[in-house]
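Text of target-v7.cif, listed as mmCIF, C-alpha atoms:
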data_protein
loop_
_atom_site.group_PDB
_atom_site.id
_atom_site.type_symbol
_atom_site.label_atom_id
_atom_site.label_comp_id
_atom_site.auth_asym_id
_atom_site.auth_seq_id
_atom_site.Cartn_x
_atom_site.Cartn_y
_atom_site.Cartn_z
ATOM 1 C CA MET F 28 156.366 2.199 -139.393
ATOM 2 C CA THR F 29 154.365 0.912 -136.477
ATOM 3 C CA ALA F 30 150.680 0.696 -135.697
ATOM 4 C CA THR F 31 151.106 3.285 -132.960
ATOM 5 C CA HIS F 32 153.011 5.872 -135.006
ATOM 6 C CA SER F 33 151.756 7.434 -138.227
ATOM 7 C CA PRO F 34 154.385 8.663 -140.730
ATOM 8 C CA ALA F 35 153.544 12.276 -139.821
ATOM 9 C CA GLN F 36 153.958 11.575 -136.106
ATOM 10 C CA LEU F 37 157.345 9.978 -136.720
ATOM 11 C CA TRP F 38 158.661 12.929 -138.739
ATOM 12 C CA ILE F 39 157.340 15.420 -136.195
ATOM 13 C CA ALA F 40 159.022 13.460 -133.393
ATOM 14 C CA GLY F 41 162.244 13.358 -135.425
ATOM 15 C CA ALA F 42 162.154 17.142 -135.812
ATOM 16 C CA ARG F 43 162.352 17.319 -131.979
ATOM 17 C CA PRO F 44 159.713 20.023 -131.350
ATOM 18 C CA ARG F 45 160.985 20.657 -127.824
ATOM 19 C CA THR F 46 164.205 22.070 -129.279
ATOM 20 C CA LEU F 47 162.421 24.620 -131.484
ATOM 21 C CA PRO F 48 162.351 27.329 -128.777
ATOM 22 C CA ALA F 49 166.133 27.415 -129.300
ATOM 23 C CA ALA F 50 165.407 28.595 -132.854
ATOM 24 C CA VAL F 51 162.637 31.075 -131.993
ATOM 25 C CA ALA F 52 164.282 32.639 -128.916
ATOM 26 C CA PRO F 53 167.334 34.219 -130.616
ATOM 27 C CA VAL F 54 165.152 35.857 -133.258
ATOM 28 C CA LEU F 55 162.869 37.253 -130.563
ATOM 29 C CA ALA F 56 165.826 38.603 -128.599
ATOM 30 C CA GLY F 57 167.561 40.018 -131.672
ATOM 31 C CA THR F 58 164.388 41.717 -132.820
ATOM 32 C CA GLY F 59 163.942 43.137 -129.321
ATOM 33 C CA ALA F 60 167.425 44.637 -129.603
ATOM 34 C CA ALA F 61 166.422 46.113 -132.975
ATOM 35 C CA ALA F 62 163.274 47.565 -131.380
ATOM 36 C CA TYR F 63 165.421 49.185 -128.696
ATOM 37 C CA SER F 64 167.185 51.041 -131.526
ATOM 38 C CA ASP F 65 163.824 51.756 -133.222
ATOM 39 C CA SER F 66 165.003 49.836 -136.270
ATOM 40 C CA VAL F 67 162.693 46.813 -136.581
ATOM 41 C CA VAL F 68 162.268 45.491 -140.119
ATOM 42 C CA TRP F 69 159.545 42.878 -139.747
ATOM 43 C CA TRP F 70 160.069 41.034 -143.015
ATOM 44 C CA LYS F 71 163.758 40.589 -142.198
ATOM 45 C CA ALA F 72 162.855 39.354 -138.722
ATOM 46 C CA LEU F 73 160.456 36.802 -140.226
ATOM 47 C CA LEU F 74 163.083 35.733 -142.754
ATOM 48 C CA ALA F 75 165.599 35.291 -139.926
ATOM 49 C CA LEU F 76 163.023 33.165 -138.095
ATOM 50 C CA GLY F 77 162.635 30.979 -141.179
ATOM 51 C CA VAL F 78 166.408 30.523 -141.383
ATOM 52 C CA SER F 79 166.666 29.652 -137.694
ATOM 53 C CA LEU F 80 163.791 27.149 -137.713
ATOM 54 C CA ALA F 81 164.985 25.449 -140.894
ATOM 55 C CA LEU F 82 168.525 25.061 -139.566
ATOM 56 C CA GLN F 83 167.273 23.765 -136.197
ATOM 57 C CA VAL F 84 165.093 21.098 -137.812
ATOM 58 C CA GLY F 85 167.870 20.310 -140.276
ATOM 59 C CA VAL F 86 170.453 19.798 -137.558
ATOM 60 C CA ASN F 87 167.999 17.633 -135.598
ATOM 61 C CA TYR F 88 167.476 15.319 -138.571
ATOM 62 C CA ALA F 89 171.210 15.374 -139.304
ATOM 63 C CA ASN F 90 171.999 14.315 -135.734
ATOM 64 C CA ASP F 91 169.329 11.606 -135.899
ATOM 65 C CA TYR F 92 170.898 10.276 -139.093
ATOM 66 C CA SER F 93 174.528 10.471 -137.977
ATOM 67 C CA ASP F 94 173.967 9.080 -134.481
ATOM 68 C CA GLY F 95 171.707 6.381 -135.923
ATOM 69 C CA VAL F 96 174.195 5.067 -138.476
ATOM 70 C CA LYS F 97 176.985 5.175 -135.877
ATOM 71 C CA GLY F 98 174.869 3.124 -133.449
ATOM 72 C CA THR F 99 174.943 5.829 -130.767
ATOM 73 C CA ASP F 100 171.143 5.810 -130.438
ATOM 74 C CA ASP F 101 170.695 2.031 -130.266
ATOM 75 C CA ASN F 102 170.123 1.988 -126.497
ATOM 76 C CA ARG F 103 169.258 5.609 -125.779
ATOM 77 C CA VAL F 104 166.973 6.847 -122.994
ATOM 78 C CA GLY F 105 164.465 9.470 -124.059
ATOM 79 C CA PRO F 106 162.393 10.508 -127.064
ATOM 80 C CA LEU F 107 162.194 8.367 -130.185
ATOM 81 C CA ARG F 108 164.917 8.589 -132.823
ATOM 82 C CA LEU F 109 164.039 7.725 -136.401
ATOM 83 C CA VAL F 110 167.164 5.875 -137.541
ATOM 84 C CA GLY F 111 168.149 4.438 -134.160
ATOM 85 C CA SER F 112 164.682 2.931 -133.716
ATOM 86 C CA GLY F 113 164.743 1.438 -137.214
ATOM 87 C CA LEU F 114 161.400 3.041 -138.045
ATOM 88 C CA VAL F 115 162.671 5.215 -140.912
ATOM 89 C CA PRO F 116 165.455 4.333 -143.382
ATOM 90 C CA ALA F 117 168.651 6.279 -142.781
ATOM 91 C CA LYS F 118 168.792 7.604 -146.353
ATOM 92 C CA ARG F 119 165.350 9.226 -145.964
ATOM 93 C CA VAL F 120 166.386 10.968 -142.741
ATOM 94 C CA LYS F 121 169.586 12.158 -144.410
ATOM 95 C CA ALA F 122 167.519 13.546 -147.309
ATOM 96 C CA ALA F 123 165.224 15.377 -144.860
ATOM 97 C CA ALA F 124 168.257 16.870 -143.099
ATOM 98 C CA LEU F 125 169.728 18.122 -146.373
ATOM 99 C CA LEU F 126 166.339 19.491 -147.449
ATOM 100 C CA PHE F 127 165.905 21.624 -144.336
ATOM 101 C CA LEU F 128 169.525 22.753 -144.308
ATOM 102 C CA GLY F 129 169.041 23.721 -147.950
ATOM 103 C CA ILE F 130 165.892 25.688 -147.139
ATOM 104 C CA GLY F 131 167.812 27.512 -144.416
ATOM 105 C CA GLY F 132 170.579 28.216 -146.895
ATOM 106 C CA VAL F 133 168.216 29.674 -149.514
ATOM 107 C CA LEU F 134 166.441 31.890 -146.969
ATOM 108 C CA GLY F 135 169.798 32.956 -145.571
ATOM 109 C CA PHE F 136 170.997 33.846 -149.085
ATOM 110 C CA VAL F 137 168.007 36.160 -149.529
ATOM 111 C CA LEU F 138 168.672 37.771 -146.141
ATOM 112 C CA ALA F 139 172.346 38.262 -146.929
ATOM 113 C CA ALA F 140 171.569 39.666 -150.374
ATOM 114 C CA THR F 141 169.339 42.314 -148.811
ATOM 115 C CA SER F 142 171.685 43.078 -145.911
ATOM 116 C CA SER F 143 175.408 42.293 -146.147
ATOM 117 C CA TRP F 144 177.007 39.780 -148.474
ATOM 118 C CA TRP F 145 179.651 38.840 -145.900
ATOM 119 C CA MET F 146 176.839 37.164 -143.975
ATOM 120 C CA LEU F 147 176.922 34.430 -146.624
ATOM 121 C CA LEU F 148 180.167 33.229 -145.029
ATOM 122 C CA VAL F 149 178.422 33.078 -141.664
ATOM 123 C CA GLY F 150 175.605 31.067 -143.225
ATOM 124 C CA VAL F 151 177.994 28.596 -144.837
ATOM 125 C CA ALA F 152 179.757 28.156 -141.485
ATOM 126 C CA ALA F 153 176.422 27.569 -139.725
ATOM 127 C CA ILE F 154 175.343 24.897 -142.220
ATOM 128 C CA GLY F 155 178.747 23.241 -142.014
ATOM 129 C CA ALA F 156 178.571 23.233 -138.230
ATOM 130 C CA ALA F 157 175.068 21.752 -138.355
ATOM 131 C CA TRP F 158 176.174 18.797 -140.445
ATOM 132 C CA THR F 159 179.537 18.089 -138.781
ATOM 133 C CA TYR F 160 178.166 18.221 -135.213
ATOM 134 C CA THR F 161 177.652 14.457 -135.293
ATOM 135 C CA GLY F 162 178.309 13.792 -138.997
ATOM 136 C CA GLY F 163 181.436 13.290 -141.044
ATOM 137 C CA PRO F 164 184.626 11.417 -140.172
ATOM 138 C CA SER F 165 185.460 13.564 -137.132
ATOM 139 C CA PRO F 166 182.270 15.003 -135.588
ATOM 140 C CA TYR F 167 183.062 17.769 -133.120
ATOM 141 C CA GLY F 168 180.024 16.866 -130.995
ATOM 142 C CA TYR F 169 181.922 13.686 -130.128
ATOM 143 C CA ARG F 170 184.899 15.773 -128.983
ATOM 144 C CA ALA F 171 183.204 17.860 -126.274
ATOM 145 C CA LEU F 172 182.731 20.903 -128.539
ATOM 146 C CA GLY F 173 178.952 20.805 -128.955
ATOM 147 C CA GLU F 174 178.254 23.469 -126.359
ATOM 148 C CA VAL F 175 180.803 25.822 -127.912
ATOM 149 C CA SER F 176 179.071 25.508 -131.284
ATOM 150 C CA VAL F 177 175.601 26.020 -129.795
ATOM 151 C CA PHE F 178 176.750 29.136 -127.927
ATOM 152 C CA VAL F 179 178.315 30.574 -131.083
ATOM 153 C CA PHE F 180 175.620 29.731 -133.635
ATOM 154 C CA PHE F 181 172.392 29.648 -131.600
ATOM 155 C CA GLY F 182 173.514 32.482 -129.337
ATOM 156 C CA LEU F 183 175.987 34.964 -130.775
ATOM 157 C CA VAL F 184 175.378 34.440 -134.486
ATOM 158 C CA ALA F 185 171.596 34.028 -134.311
ATOM 159 C CA VAL F 186 170.896 36.972 -131.994
ATOM 160 C CA LEU F 187 173.511 39.369 -133.350
ATOM 161 C CA GLY F 188 172.688 38.366 -136.931
ATOM 162 C CA THR F 189 168.974 38.999 -136.413
ATOM 163 C CA ALA F 190 169.691 42.382 -134.854
ATOM 164 C CA TYR F 191 172.342 43.345 -137.405
ATOM 165 C CA VAL F 192 170.229 42.766 -140.512
ATOM 166 C CA GLN F 193 167.711 45.211 -139.057
ATOM 167 C CA VAL F 194 169.867 47.794 -137.249
ATOM 168 C CA GLU F 195 173.019 47.404 -139.406
ATOM 169 C CA GLU F 196 175.283 47.741 -136.372
ATOM 170 C CA ILE F 197 176.133 45.775 -133.233
ATOM 171 C CA THR F 198 174.704 47.305 -130.049
ATOM 172 C CA ALA F 199 175.341 46.587 -126.357
ATOM 173 C CA PRO F 200 171.785 45.263 -125.715
ATOM 174 C CA ALA F 201 172.197 42.872 -128.650
ATOM 175 C CA VAL F 202 175.495 41.537 -127.279
ATOM 176 C CA ALA F 203 173.993 41.056 -123.809
ATOM 177 C CA ALA F 204 170.998 39.282 -125.311
ATOM 178 C CA ALA F 205 173.265 37.067 -127.425
ATOM 179 C CA ILE F 206 175.263 35.946 -124.386
ATOM 180 C CA GLY F 207 172.134 35.198 -122.351
ATOM 181 C CA ILE F 208 170.409 33.304 -125.152
ATOM 182 C CA GLY F 209 173.604 31.432 -125.960
ATOM 183 C CA ALA F 210 173.944 30.295 -122.355
ATOM 184 C CA LEU F 211 170.353 29.036 -122.274
ATOM 185 C CA ALA F 212 170.707 27.262 -125.622
ATOM 186 C CA CYS F 213 173.769 25.520 -124.170
ATOM 187 C CA ALA F 214 171.731 24.533 -121.120
ATOM 188 C CA ILE F 215 169.332 22.564 -123.328
ATOM 189 C CA LEU F 216 172.226 20.565 -124.762
ATOM 190 C CA VAL F 217 173.816 20.130 -121.331
ATOM 191 C CA ALA F 218 170.575 18.711 -119.926
ATOM 192 C CA ASN F 219 170.284 16.348 -122.885
ATOM 193 C CA ASN F 220 173.884 15.166 -122.584
ATOM 194 C CA LEU F 221 173.611 14.812 -118.801
ATOM 195 C CA ARG F 222 170.785 12.349 -119.342
ATOM 196 C CA ASP F 223 172.805 10.468 -121.970
ATOM 197 C CA ILE F 224 176.108 10.143 -120.065
ATOM 198 C CA PRO F 225 175.708 6.372 -119.467
ATOM 199 C CA THR F 226 174.906 5.487 -123.094
ATOM 200 C CA ASP F 227 177.319 8.011 -124.615
ATOM 201 C CA SER F 228 180.162 6.677 -122.488
ATOM 202 C CA VAL F 229 179.539 3.151 -123.756
ATOM 203 C CA THR F 230 179.285 4.145 -127.433
ATOM 204 C CA GLY F 231 182.340 6.403 -127.376
ATOM 205 C CA LYS F 232 180.464 9.680 -127.818
ATOM 206 C CA ARG F 233 182.764 11.999 -125.857
ATOM 207 C CA THR F 234 180.424 14.891 -125.095
ATOM 208 C CA LEU F 235 181.340 17.648 -122.671
ATOM 209 C CA ALA F 236 179.077 15.921 -120.141
ATOM 210 C CA VAL F 237 181.101 12.719 -120.464
ATOM 211 C CA VAL F 238 184.321 14.699 -119.993
ATOM 212 C CA LEU F 239 183.061 16.662 -116.966
ATOM 213 C CA GLY F 240 181.252 13.746 -115.382
ATOM 214 C CA ASP F 241 177.868 13.750 -113.702
ATOM 215 C CA ALA F 242 178.624 16.225 -110.910
ATOM 216 C CA GLY F 243 180.552 18.630 -113.124
ATOM 217 C CA THR F 244 177.777 18.666 -115.721
ATOM 218 C CA ARG F 245 175.193 19.506 -113.076
ATOM 219 C CA ARG F 246 177.337 22.423 -111.912
ATOM 220 C CA LEU F 247 177.718 23.585 -115.512
ATOM 221 C CA TYR F 248 173.929 23.668 -115.936
ATOM 222 C CA GLY F 249 173.614 25.919 -112.889
ATOM 223 C CA LEU F 250 176.465 28.141 -114.087
ATOM 224 C CA LEU F 251 174.778 28.664 -117.447
ATOM 225 C CA MET F 252 171.636 29.865 -115.670
ATOM 226 C CA VAL F 253 173.731 32.313 -113.650
ATOM 227 C CA VAL F 254 175.363 33.606 -116.857
ATOM 228 C CA ALA F 255 171.937 34.135 -118.433
ATOM 229 C CA ILE F 256 170.732 36.126 -115.431
ATOM 230 C CA GLY F 257 173.961 38.128 -115.443
ATOM 231 C CA ALA F 258 173.375 39.001 -119.099
ATOM 232 C CA LEU F 259 169.977 40.434 -118.145
ATOM 233 C CA VAL F 260 171.645 42.611 -115.536
ATOM 234 C CA TRP F 261 174.030 43.883 -118.207
ATOM 235 C CA ALA F 262 171.129 44.606 -120.554
ATOM 236 C CA ALA F 263 169.411 46.459 -117.700
ATOM 237 C CA PHE F 264 172.142 49.107 -117.889
ATOM 238 C CA SER F 265 170.574 50.038 -121.236
ATOM 239 C CA THR F 266 167.027 49.829 -119.873
ATOM 240 C CA PRO F 267 165.718 48.369 -116.589
ATOM 241 C CA TRP F 268 162.820 46.951 -118.622
ATOM 242 C CA ALA F 269 165.236 44.260 -119.821
ATOM 243 C CA LEU F 270 164.717 42.605 -116.443
ATOM 244 C CA LEU F 271 161.359 41.383 -117.747
ATOM 245 C CA GLY F 272 163.469 38.431 -118.851
ATOM 246 C CA LEU F 273 163.373 37.396 -115.188
ATOM 247 C CA LEU F 274 159.844 36.140 -115.853
ATOM 248 C CA ALA F 275 161.687 32.902 -116.595
ATOM 249 C CA LEU F 276 163.027 32.727 -113.031
ATOM 250 C CA PRO F 277 160.372 30.292 -111.665
ATOM 251 C CA LEU F 278 161.115 27.894 -114.522
ATOM 252 C CA ILE F 279 164.852 28.299 -113.925
ATOM 253 C CA GLY F 280 164.370 27.441 -110.258
ATOM 254 C CA ARG F 281 162.319 24.341 -111.068
ATOM 255 C CA ALA F 282 164.728 22.978 -113.683
ATOM 256 C CA ALA F 283 167.849 23.748 -111.639
ATOM 257 C CA SER F 284 166.386 22.058 -108.565
ATOM 258 C CA ILE F 285 165.729 18.851 -110.519
ATOM 259 C CA VAL F 286 169.271 18.869 -111.896
ATOM 260 C CA ALA F 287 170.724 19.573 -108.443
ATOM 261 C CA SER F 288 168.656 16.743 -106.932
ATOM 262 C CA GLY F 289 170.659 14.154 -108.847
ATOM 263 C CA ALA F 290 167.804 13.058 -111.133
ATOM 264 C CA LYS F 291 168.863 10.668 -113.877
ATOM 265 C CA GLY F 292 167.513 9.119 -117.051
ATOM 266 C CA MET F 293 163.843 9.709 -117.761
ATOM 267 C CA ALA F 294 163.592 11.891 -114.647
ATOM 268 C CA LEU F 295 165.573 14.515 -116.583
ATOM 269 C CA ILE F 296 163.027 14.762 -119.410
ATOM 270 C CA PRO F 297 161.122 17.570 -117.591
ATOM 271 C CA VAL F 298 164.399 19.511 -117.416
ATOM 272 C CA LEU F 299 164.712 19.358 -121.199
ATOM 273 C CA ARG F 300 161.146 20.641 -121.549
ATOM 274 C CA ASP F 301 161.677 23.390 -118.986
ATOM 275 C CA SER F 302 165.029 24.416 -120.481
ATOM 276 C CA GLY F 303 163.347 25.131 -123.801
ATOM 277 C CA LEU F 304 160.560 27.042 -122.073
ATOM 278 C CA ILE F 305 163.098 29.011 -120.042
ATOM 279 C CA GLU F 306 164.843 30.208 -123.180
ATOM 280 C CA LEU F 307 161.556 31.147 -124.856
ATOM 281 C CA VAL F 308 160.107 33.032 -121.853
ATOM 282 C CA TYR F 309 163.468 34.712 -121.191
ATOM 283 C CA ALA F 310 163.723 35.859 -124.805
ATOM 284 C CA ALA F 311 160.124 37.086 -124.940
ATOM 285 C CA GLY F 312 160.476 39.024 -121.684
ATOM 286 C CA LEU F 313 163.795 40.523 -122.745
ATOM 287 C CA ALA F 314 162.462 41.443 -126.194
ATOM 288 C CA ILE F 315 159.382 43.126 -124.751
ATOM 289 C CA GLY F 316 161.528 44.941 -122.190
ATOM 290 C CA LEU F 317 163.960 46.220 -124.810
ATOM 291 C CA ALA F 318 161.095 47.354 -127.025
ATOM 292 C CA ILE F 319 159.486 49.266 -124.150
ATOM 293 C CA GLY F 320 162.813 50.702 -122.982
ATOM 294 C CA GLY F 321 163.749 51.869 -126.441
#
Turn this file's structure into structure tokens for me.
Amino acid sequence: MTATHSPAQLWIAGARPRTLPAAVAPVLAGTGAAAYSDSVVWWKALLALGVSLALQVGVNYANDYSDGVKGTDDNRVGPLRLVGSGLVPAKRVKAAALLFLGIGGVLGFVLAATSSWWMLLVGVAAIGAAWTYTGGPSPYGYRALGEVSVFVFFGLVAVLGTAYVQVEEITAPAVAAAIGIGALACAILVANNLRDIPTDSVTGKRTLAVVLGDAGTRRLYGLLMVVAIGALVWAAFSTPWALLGLLALPLIGRAASIVASGAKGMALIPVLRDSGLIELVYAAGLAIGLAIGG
């Protein structure tokens, strides 16, 4: 430890609080879709939130551990990493990752047991994806597949799963919400990987940003915002109130303008912050709109 960081501060930093909106937003949106169908089951929504938060923190610690032991974080630009900085032993970060993934698994088991047992398979896949993103002998996050996984698990699975355990069917508003939330969750990762292109290229971490290059990654960020707005338009066919998700538009404009300006390194940190806020405001507006429209 250091004189400037208490143990609690280190573990909180390692949990990456700015990524937590990506765990809250899909549950908000999925519950909004359930409200549209007048089928909200609050204890299931809260259980889904527990699953989502536990898996998000678990994957953050898992990435910290895996990137740290591989040396990927040795010369990173951005927030502190526990293993890469040498402030916390790798085995303790690995234990924290497994603890939170286990908590997510237990909560998910309860949710599946009270909804549909086939969801256990989805939960196992989600935990496996969390660990193998940067861990294991062939991490898919190093093969430009991180965004695909985020879209699937923090968009489609998280939103549709939250809605399904309450409504017990897949509805059009839920699908639209899942696509929009998935796109915005991807945008957080894209912004992060855009910032890390120089260091990832050197360490051999072949993210989608490294593959696309600087200019292509900036275009991808803008495209994801367009997809999210398009999903709101689709949801508006169910109820125009869904367009309350456009409350995130000022934040979208600010983040997209920074990305388009060519900002690099630490100058992209505000984009990471805004990307998380965009997803949270978007989800809250959409959820409220669907609830009103239903």
Counting all atoms listed in the file, what is within 12 Å of Ala152 of chain F, bar same-chain residues fewer than 2 positions away, as a list in words?
-> Leu82, Leu128, Gly132, Gly135, Trp145, Met146, Leu147, Leu148, Val149, Gly150, Ile154, Gly155, Ala156, Ala157, Trp158, Thr159, Tyr160, Ser176, Val179, Phe180 and Val184 of chain F
Please provide the set of residues having any atom within 8 Å of segment 194-211 of chain F, restricted to only C-alpha atoms, with same-chain residues fewer than 3 positions apart removed, written as a PDB file with C-alpha atoms, keeping the file's coordinate frame.
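Printed below is out05.pdb as written:
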ATOM      1  CA  ALA F  52     164.282  32.639-128.916  1.00  0.00           C
ATOM      2  CA  PRO F  53     167.334  34.219-130.616  1.00  0.00           C
ATOM      3  CA  ALA F  56     165.826  38.603-128.599  1.00  0.00           C
ATOM      4  CA  GLY F  57     167.561  40.018-131.672  1.00  0.00           C
ATOM      5  CA  ALA F  60     167.425  44.637-129.603  1.00  0.00           C
ATOM      6  CA  ALA F  61     166.422  46.113-132.975  1.00  0.00           C
ATOM      7  CA  SER F  64     167.185  51.041-131.526  1.00  0.00           C
ATOM      8  CA  SER F  66     165.003  49.836-136.270  1.00  0.00           C
ATOM      9  CA  VAL F  67     162.693  46.813-136.581  1.00  0.00           C
ATOM     10  CA  SER F 142     171.685  43.078-145.911  1.00  0.00           C
ATOM     11  CA  VAL F 177     175.601  26.020-129.795  1.00  0.00           C
ATOM     12  CA  PHE F 178     176.750  29.136-127.927  1.00  0.00           C
ATOM     13  CA  VAL F 179     178.315  30.574-131.083  1.00  0.00           C
ATOM     14  CA  PHE F 181     172.392  29.648-131.600  1.00  0.00           C
ATOM     15  CA  GLY F 182     173.514  32.482-129.337  1.00  0.00           C
ATOM     16  CA  LEU F 183     175.987  34.964-130.775  1.00  0.00           C
ATOM     17  CA  VAL F 184     175.378  34.440-134.486  1.00  0.00           C
ATOM     18  CA  ALA F 185     171.596  34.028-134.311  1.00  0.00           C
ATOM     19  CA  VAL F 186     170.896  36.972-131.994  1.00  0.00           C
ATOM     20  CA  LEU F 187     173.511  39.369-133.350  1.00  0.00           C
ATOM     21  CA  ALA F 190     169.691  42.382-134.854  1.00  0.00           C
ATOM     22  CA  TYR F 191     172.342  43.345-137.405  1.00  0.00           C
ATOM     23  CA  ALA F 214     171.731  24.533-121.120  1.00  0.00           C
ATOM     24  CA  ILE F 215     169.332  22.564-123.328  1.00  0.00           C
ATOM     25  CA  LEU F 251     174.778  28.664-117.447  1.00  0.00           C
ATOM     26  CA  MET F 252     171.636  29.865-115.670  1.00  0.00           C
ATOM     27  CA  VAL F 254     175.363  33.606-116.857  1.00  0.00           C
ATOM     28  CA  ALA F 255     171.937  34.135-118.433  1.00  0.00           C
ATOM     29  CA  ILE F 256     170.732  36.126-115.431  1.00  0.00           C
ATOM     30  CA  GLY F 257     173.961  38.128-115.443  1.00  0.00           C
ATOM     31  CA  ALA F 258     173.375  39.001-119.099  1.00  0.00           C
ATOM     32  CA  LEU F 259     169.977  40.434-118.145  1.00  0.00           C
ATOM     33  CA  TRP F 261     174.030  43.883-118.207  1.00  0.00           C
ATOM     34  CA  ALA F 262     171.129  44.606-120.554  1.00  0.00           C
ATOM     35  CA  SER F 265     170.574  50.038-121.236  1.00  0.00           C
ATOM     36  CA  SER F 302     165.029  24.416-120.481  1.00  0.00           C
ATOM     37  CA  ILE F 305     163.098  29.011-120.042  1.00  0.00           C
ATOM     38  CA  GLU F 306     164.843  30.208-123.180  1.00  0.00           C
ATOM     39  CA  ALA F 310     163.723  35.859-124.805  1.00  0.00           C
ATOM     40  CA  LEU F 313     163.795  40.523-122.745  1.00  0.00           C
ATOM     41  CA  LEU F 317     163.960  46.220-124.810  1.00  0.00           C
TER      42      LEU F 317
END
Which polymer residues have any atom within 8 Å of an atom of Gly316 of chain F, counting only C-alpha atoms, with same-chain residues fewer than 5 positions away left out, as a PyMOL selection string?
-> chain F and resi 59+266-272
Which of these residues is nearest to Ala314 of chain F, using only C-alpha atoms: F:Val151, F:Val238, F:Val86, F:Leu273?
->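 Closest to Ala314 of chain F, using only C-alpha atoms: F:Leu273.
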Select, from F:Gly289, F:Leu239, F:Leu274, F:Arg233, the residue with the minimum atom-to-atom distance to Gly312 of chain F, counting all atoms listed in the file.
->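 Checking each candidate against Gly312 of chain F, we get F:Leu274 as the closest.
The space separating atom CA of Leu216 of chain F from atom CA of Lys71 of chain F comes to 27.9 Å.
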Find the residues around Thr46 of chain F up to 9 Å (all atoms listed in the file counted), leave out those fewer than 2 positions away in its own chain, and share them as a PyMOL selection string.
-> chain F and resi 42-44+48-50+83-84+87+215+299-300+303
Distance in Å - atom CA of Lys232 of chain F versus atom CA of Gly173 of chain F | 11.3 Å
